Each structure stands twice: as C-alpha cells, then as structure tokens.
Amino acid sequence: VADSDPPFASVAIIGVGLIGSSVARAIREHMPKVRITAYDSSDTVRARARELELGEIFDTPCEAIAGAEMILFCVPVGAMTEAALAIADCLPKKVIVSDVGSSKVAVAKALREALPDATIVPAHPVAGTENSGPDAGFATLFHGRWCILTPREGYAKANVARVSDFWERLGAKVEIMDALHHDLVLAVTSHIPHLIAYTIVGTASDLEGVTQGEVIKYSAGGFRDFTRIAASDPTMWRDVFLNNREAVLDVLQRFTEDLALLQRAIRWGDGDTLFELFARTRAVRRSIIEQGQDDARPDFGRVHE
Ligand code: NAP
C-alpha cells in the first residue's frame with residue numbers, strides 16, 4: 001500500500017494539539033509526498049508548530065485549507081462548529097471534510113449544519129494520551145489502534161474508502177460504525193472510565209486534609225493509575241461529556257446500579273458475588289492484552305529512566 005499514490009495529495013489540519021500534531025508527524029513519516037498545511041487558533045501553538053516543522057502553518061484557516069483534498073478538524077468537540085464556520089465561505093470544491101472528535105453524533109451534526117454542502121466522513125482514532133498540545137504528539141500514536149469511521153448510511157463508498165486508506169497508512173485499523181452506536185460503545189470504554197477517574201481523584205483530594213498527605217505517598221496502591229486518566233485535558237473532556245450526554249447518562253445509570261449491588265454484597269458479607277465479578281473482570285484484562293490493545297509487562301510497560 002505504502003508505495004501507491006496516497007489517498008489525498010494535500011491535507012489541511014485544523015487544530016495542531018496532541019492529535020493534530022500526531023497526524024502531521026505520522027503523515028510525514030508514512031506519506032512523505034503529501035502536502036501538510038495547518039491552522040490553530042492559538043498564536044503560541046502556531047509558533048510551536050512552525051518550530052516543530054509540522055507542516056506549512058498559516059495564520060488564517062482559509063489560507064490553510066486552500067487547495068486541500070482533505071480537511072481534518074482536530075479541535076475539541078465543543079469547538080467544531082466555530083472551526084467549521086470559519087471555513088464555510090472558502091471551502092474548496094471536492095474536498096473531503098473529516099474530524100477526530102471523541103463523540104460522533106453531535107460532531108457530525110455540528111459539521112453538517114456549518115458546512116451543509118460538504119462531503120463529510122467523520123472519524124475517531126481511538127488513541128490518545130493524557131497530555132495535550134503540539135509537543136505531546138508522536139508519529140506512532142495510531143499504530144495498531146482502531147480508527148472508527150461513522151459515515152451516514154448510503155454515503156458514497158469511494159469517499160469512505162479514501163479516508164479509510166488514509167488512516168490505515170498511518171498505522172491504524174479501521175472499523176465503520178453507526179454514529180449512535182459509536183457513542184454508546186465509547187461511553188462504556190472511554191467516557192465513563194474517565195468520569196470515574198475524575199471522581200475518585202476528586203474525592204481523594206477532598207479527603208487529603210484528613211489523610212495528611214498519605215493519598216499521594218501511598219498512591220501506588222491503585223490510585224496512581226486513576227490519576228493518569230484524571231490528568232487528561234479539562235477542555236476536551238468537558239466537551240466530551242456535554243456532547244455525548246445521552247449515552248453517558250444511560251451507561252452511568254447502569255454503572256450506578258452495579259455499584260449498588262457491590263455495596264450490598266460488601267454490607268452482607270457476600271464474598272461469592274465479589275469473587276465472581278473480580279474473576280470475570282480479570283479475564284477482560286487478559287483479552288485486552290491478547291488483542292494487543294495493552295501491555296502485559298509490569299507497570300503497563302511504562303519505561304522508567
Ligand atoms: P489539544 O491537544 O488541546 O489540541 C486542540 C487544539 O485545537 C488546541 O491547540 C486548541 O487551541 C485548538 N483549537 C481550539 N479551537 C480551535 C478553533 N476554533 N480553530 C482552530 N484551532 C482550535 O486536544 P487533542 O487532545 O488533540 O484533541 C483534539 C480532538 O481530538 C478532540 O476533538 C478530542 O475529542 C479528539 N481526540 C482526543 C484524544 C485524546 O486522547 N486526547 C483521542 C482521540 C480523539 P487552544 O489551546 O488555544 O484552545
């Protein structure tokens with residue numbers, strides 16, 4: 001695949017934070033012939049993107065998208081409308097518009113409303129870290145990770161195939177899914193785990209006065225792994241919860257019921273219920289490692305210098 005012509009000769013990236021800069025780096029590595037242009041609303045980020053040589057960085061979005069064959073919105077979910085409206089009057093003909101937003105129903109609606117005549121193929125690379133900004137990105141971020149495309153039913157297959165080819169060349173595995181289904185699946189696998197991490201770390205920090213520094217001192221007991229997730233970008237995650245509200249509330253309802261069952265089992269000394277659940281969840285961890293979606297090495301394969 002790598003030797004044939006890339007699916008797009010020129011890609012414009014709007015928003016060069018963690019994901020946008022990783023896409024730029026990955027294109028440079030895997031499709032060096034592709035022209036990369038970019039815009040970010042932050043002066044500081046644009047300056048840094050130039051220093052990092054992430055592509056041709058422009059001071060206005062219209063300059064950045066001129067001549068592009070694909071426009072990729074890599075801005076927080078809540079900024080999609082504003083970012084799309086900024087290019088509504090200068091959209092090149094035949095361009096494919098895509099995005100990397102973590103929720104899909106709301107983002108697709110925002111893009112459709114802002115750019116009613118555009119060809120839109122929404123995407124979500126299920127890959128990331130708790131860091132943000134252009135320095136946090138890296139070229140291998142998408143290697144072996146899933147990228148979920150959520151085109152509308154009946155959408156021209158050729159457009160979807162080009163976007164799919166694009167992500168596969170960056171090292172991702174592509175899956176096509178209904179946007180509503182995507183939002184439910186990601187509520188379970190990503191959004192609720194983040195909400196739980198934010199809650200636990202918040203509660204622990206509230207209790208820090210009582211425990212006198214011991215939460216931090218003994219954090220290796222499990223707390224530390226939650227703090228990694230709870231360090232994720234506040235803007236991005238605020239927007240995810242506001243834009244995937246229905247699915248998150250549905251799954252949260254179910255989670256709350258399950259938590260109440262555990263509470264009951266603990267209260268009544270029902271060890272069997274606890275043991276059965278813990279045995280089942282350990283098997284889930286094993287399947288994730290078997291499918292290559294995490295590392296079985298101690299400490300999740302973290303490198304300690
Ligand atoms: P990020 O590192 O904060 O980067 C976003 C960049 O977009 C920032 O530089 C921001 O500038 C800029 N921006 C905001 N509004 C803009 C606008 N209207 N026009 C142009 N640029 C604008 O965030 P990220 O982690 O890359 O996330 C970007 C998108 O990827 C989000 O939609 C997120 O849901 C999705 N995503 C994230 C992950 C993850 O793990 N992080 C994984 C998959 C998908 P300011 O800093 O000045 O606001």
# chains A, B, ... in the order shown; residues from 1 in each chain; ligands from 1

call {"tool": "residues_near_ligand", "arguments": {"ligand": "ligand 1", "cutoff": "6 Å", "atoms": "only C-alpha atoms and all ligand atoms", "output": "ChimeraX atom specification"}}
result
/A:14-20,40-42,45,74-77,79,82-83,100-102,124-129,132-133,236

call {"tool": "write_last_selection", "arguments": {"atoms": "N, CA, C and O atoms", "output": "compact mmCIF listing (two decimals), in the first residue's frame"}}
result
# COMPACT_ATOMS: atom_id res chain seq x y z
N ILE A 14 -6.79 21.31 11.05
CA ILE A 14 -7.26 22.46 11.84
C ILE A 14 -7.18 22.07 13.31
O ILE A 14 -7.91 21.19 13.76
N GLY A 15 -6.27 22.71 14.06
CA GLY A 15 -6.04 22.34 15.46
C GLY A 15 -4.83 21.42 15.53
O GLY A 15 -4.91 20.25 15.16
N VAL A 16 -3.68 21.96 15.98
CA VAL A 16 -2.46 21.12 16.00
C VAL A 16 -2.01 20.82 17.42
O VAL A 16 -0.88 21.09 17.80
N GLY A 17 -2.93 20.26 18.21
CA GLY A 17 -2.59 19.81 19.56
C GLY A 17 -2.07 18.39 19.52
O GLY A 17 -1.40 17.99 18.56
N LEU A 18 -2.39 17.61 20.54
CA LEU A 18 -1.92 16.22 20.61
C LEU A 18 -2.26 15.43 19.35
O LEU A 18 -1.38 14.85 18.71
N ILE A 19 -3.55 15.42 18.99
CA ILE A 19 -3.97 14.58 17.87
C ILE A 19 -3.54 15.19 16.53
O ILE A 19 -2.96 14.50 15.68
N GLY A 20 -3.81 16.49 16.33
CA GLY A 20 -3.44 17.13 15.07
C GLY A 20 -1.95 17.02 14.78
O GLY A 20 -1.54 16.72 13.66
N ASP A 40 -4.13 26.76 13.65
CA ASP A 40 -4.61 26.60 15.03
C ASP A 40 -4.98 27.99 15.52
O ASP A 40 -4.32 28.97 15.15
N SER A 41 -6.04 28.08 16.33
CA SER A 41 -6.48 29.41 16.77
C SER A 41 -5.52 30.03 17.77
O SER A 41 -5.56 31.23 18.01
N SER A 42 -4.65 29.23 18.35
CA SER A 42 -3.70 29.76 19.32
C SER A 42 -2.39 30.19 18.66
O SER A 42 -1.74 29.41 17.97
N VAL A 45 0.51 28.05 19.83
CA VAL A 45 0.54 26.72 19.20
C VAL A 45 1.05 26.82 17.76
O VAL A 45 1.86 26.00 17.32
N CYS A 74 -9.15 18.82 14.14
CA CYS A 74 -8.58 18.19 15.34
C CYS A 74 -8.71 19.13 16.52
O CYS A 74 -7.77 19.32 17.28
N VAL A 75 -9.87 19.77 16.65
CA VAL A 75 -10.13 20.72 17.73
C VAL A 75 -11.05 20.04 18.76
O VAL A 75 -11.67 19.02 18.44
N PRO A 76 -11.15 20.58 19.99
CA PRO A 76 -12.07 19.99 20.96
C PRO A 76 -13.49 19.90 20.37
O PRO A 76 -13.88 20.76 19.57
N VAL A 77 -14.24 18.90 20.81
CA VAL A 77 -15.58 18.65 20.26
C VAL A 77 -16.46 19.90 20.30
O VAL A 77 -17.17 20.21 19.34
N ALA A 79 -15.59 22.89 19.97
CA ALA A 79 -15.10 23.97 19.10
C ALA A 79 -15.32 23.65 17.63
O ALA A 79 -14.95 24.44 16.75
N GLU A 82 -17.49 26.32 15.58
CA GLU A 82 -16.75 27.55 15.34
C GLU A 82 -15.66 27.33 14.28
O GLU A 82 -15.51 28.15 13.35
N ALA A 83 -14.94 26.22 14.40
CA ALA A 83 -13.85 25.93 13.45
C ALA A 83 -14.39 25.70 12.04
O ALA A 83 -13.79 26.13 11.05
N VAL A 100 -11.63 14.26 14.15
CA VAL A 100 -11.13 13.19 15.02
C VAL A 100 -11.87 13.20 16.36
O VAL A 100 -11.39 12.65 17.34
N GLY A 101 -13.00 13.88 16.41
CA GLY A 101 -13.73 14.09 17.67
C GLY A 101 -14.08 12.80 18.39
O GLY A 101 -14.42 11.79 17.78
N SER A 102 -14.05 12.86 19.73
CA SER A 102 -14.30 11.67 20.55
C SER A 102 -15.78 11.31 20.66
O SER A 102 -16.11 10.23 21.13
N HIS A 124 -12.95 8.76 14.30
CA HIS A 124 -12.44 8.86 15.67
C HIS A 124 -11.31 7.87 15.87
O HIS A 124 -11.56 6.67 16.01
N PRO A 125 -10.06 8.35 15.85
CA PRO A 125 -8.96 7.45 16.17
C PRO A 125 -8.98 7.15 17.67
O PRO A 125 -8.89 8.09 18.47
N VAL A 126 -9.16 5.88 18.04
CA VAL A 126 -9.25 5.55 19.46
C VAL A 126 -7.82 5.38 19.99
O VAL A 126 -7.34 4.27 20.20
N ALA A 127 -7.16 6.50 20.11
CA ALA A 127 -5.76 6.52 20.54
C ALA A 127 -5.51 7.87 21.14
O ALA A 127 -5.99 8.87 20.62
N GLY A 128 -4.79 7.92 22.22
CA GLY A 128 -4.50 9.22 22.82
C GLY A 128 -3.67 9.04 24.07
O GLY A 128 -3.28 7.93 24.41
N THR A 129 -3.39 10.15 24.69
CA THR A 129 -2.68 10.11 25.98
C THR A 129 -3.33 11.18 26.84
O THR A 129 -4.22 11.90 26.38
N SER A 132 -1.60 17.09 26.28
CA SER A 132 -2.16 17.83 25.16
C SER A 132 -1.13 18.81 24.60
O SER A 132 -0.05 18.97 25.16
N GLY A 133 -1.47 19.41 23.47
CA GLY A 133 -0.57 20.38 22.84
C GLY A 133 0.36 19.74 21.81
O GLY A 133 0.51 18.52 21.78
N MET A 236 -11.08 19.30 26.63
CA MET A 236 -11.51 18.17 25.80
C MET A 236 -12.59 17.35 26.51
O MET A 236 -13.63 17.04 25.93

call {"tool": "residues_around", "arguments": {"residues": "stretch 286-292 of chain A", "least_positions_apart": "4", "cutoff": "10 Å", "atoms": "only C-alpha atoms", "output": "ChimeraX atom specification"}}
result
/A:144-145,281-282,296-297

call {"tool": "select_by_dssp", "arguments": {"residues": "stretch 207-249 of chain A", "states": "helix (DSSP H, G or I)", "output": "ChimeraX atom specification"}}
result
/A:207-211,214-217,219-221,223-230,234-243,245-249

call {"tool": "select_by_dssp", "arguments": {"residues": "stretch 47-216 of chain A", "states": "strand (DSSP E or B)", "output": "list in words"}}
result
Glu56, Ile57, Met70, Ile71, Leu72, Phe73, Ile96, Val97, Ser98, Asp99, Thr119, Ile120, Ala123, His124, Pro125, Trp146, Cys147, Ile148, Leu149, Lys173, Val174, Glu175 and Ile176 of chain A

call {"tool": "residues_around", "arguments": {"residues": "A:Glu175", "least_positions_apart": "5", "cutoff": "8 Å", "atoms": "only C-alpha atoms", "output": "VMD selection string"}}
result
chain A and resid 146 to 149

call {"tool": "write_last_selection", "arguments": {"atoms": "all heavy atoms", "output": "PDB file, in the first residue's frame"}}
result
ATOM      1  N   TRP A 146      -7.436   1.350  16.770  1.00  0.00           N
ATOM      2  CA  TRP A 146      -8.612   1.411  15.906  1.00  0.00           C
ATOM      3  C   TRP A 146      -8.924   2.850  15.536  1.00  0.00           C
ATOM      4  O   TRP A 146      -8.757   3.752  16.356  1.00  0.00           O
ATOM      5  CB  TRP A 146      -9.820   0.811  16.604  1.00  0.00           C
ATOM      6  CG  TRP A 146      -9.736  -0.678  16.679  1.00  0.00           C
ATOM      7  CD1 TRP A 146      -9.360  -1.424  17.771  1.00  0.00           C
ATOM      8  CD2 TRP A 146     -10.004  -1.606  15.634  1.00  0.00           C
ATOM      9  NE1 TRP A 146      -9.367  -2.753  17.456  1.00  0.00           N
ATOM     10  CE2 TRP A 146      -9.764  -2.897  16.147  1.00  0.00           C
ATOM     11  CE3 TRP A 146     -10.412  -1.482  14.309  1.00  0.00           C
ATOM     12  CZ2 TRP A 146      -9.924  -4.050  15.393  1.00  0.00           C
ATOM     13  CZ3 TRP A 146     -10.575  -2.626  13.547  1.00  0.00           C
ATOM     14  CH2 TRP A 146     -10.327  -3.894  14.087  1.00  0.00           C
ATOM     15  N   CYS A 147      -9.388   3.045  14.296  1.00  0.00           N
ATOM     16  CA  CYS A 147      -9.965   4.326  13.930  1.00  0.00           C
ATOM     17  C   CYS A 147     -11.376   4.025  13.439  1.00  0.00           C
ATOM     18  O   CYS A 147     -11.559   3.234  12.504  1.00  0.00           O
ATOM     19  CB  CYS A 147      -9.146   5.021  12.840  1.00  0.00           C
ATOM     20  SG  CYS A 147      -9.850   6.637  12.432  1.00  0.00           S
ATOM     21  N   ILE A 148     -12.361   4.611  14.104  1.00  0.00           N
ATOM     22  CA  ILE A 148     -13.764   4.315  13.777  1.00  0.00           C
ATOM     23  C   ILE A 148     -14.320   5.413  12.865  1.00  0.00           C
ATOM     24  O   ILE A 148     -14.273   6.597  13.212  1.00  0.00           O
ATOM     25  CB  ILE A 148     -14.609   4.210  15.068  1.00  0.00           C
ATOM     26  CG1 ILE A 148     -14.025   3.121  15.976  1.00  0.00           C
ATOM     27  CG2 ILE A 148     -16.070   3.911  14.735  1.00  0.00           C
ATOM     28  CD1 ILE A 148     -14.651   3.055  17.361  1.00  0.00           C
ATOM     29  N   LEU A 149     -14.825   5.008  11.695  1.00  0.00           N
ATOM     30  CA  LEU A 149     -15.454   5.972  10.782  1.00  0.00           C
ATOM     31  C   LEU A 149     -16.961   5.837  10.934  1.00  0.00           C
ATOM     32  O   LEU A 149     -17.492   4.728  11.029  1.00  0.00           O
ATOM     33  CB  LEU A 149     -15.067   5.683   9.327  1.00  0.00           C
ATOM     34  CG  LEU A 149     -13.574   5.567   8.987  1.00  0.00           C
ATOM     35  CD1 LEU A 149     -13.394   5.450   7.472  1.00  0.00           C
ATOM     36  CD2 LEU A 149     -12.795   6.749   9.518  1.00  0.00           C
TER      37      LEU A 149
END

call {"tool": "atom_distance", "arguments": {"atom1": "atom CA of A:Ala247", "atom2": "atom CA of A:Ser190"}}
result
11.7 Å

call {"tool": "residues_around", "arguments": {"residues": "A:Glu69", "least_positions_apart": "3", "cutoff": "6 Å", "atoms": "only C-alpha atoms", "output": "PyMOL selection string"}}
result
chain A and resi 8+10+95

call {"tool": "write_last_selection", "arguments": {"atoms": "C-alpha atoms", "output": "PDB file, in the first residue's frame"}}
result
ATOM      1  CA  PHE A   8      -5.026  12.687  -0.609  1.00  0.00           C
ATOM      2  CA  SER A  10      -2.807  17.614   0.358  1.00  0.00           C
ATOM      3  CA  VAL A  95     -12.725  18.450  -0.621  1.00  0.00           C
TER       4      VAL A  95
END

call {"tool": "closest_residue", "arguments": {"among": "A:Val251, A:Phe223, A:Pro116, A:Arg25", "to": "A:Leu170", "atoms": "only C-alpha atoms"}}
result
A:Arg25

call {"tool": "closest_residue", "arguments": {"among": "A:Asp117, A:Asp250, A:Asp135, A:Asp258", "to": "A:Thr44", "atoms": "only C-alpha atoms"}}
result
A:Asp135

call {"tool": "closest_residue", "arguments": {"among": "A:Pro134, A:Pro122, A:Pro92, A:Pro234", "to": "A:Ser164", "atoms": "only C-alpha atoms"}}
result
A:Pro122
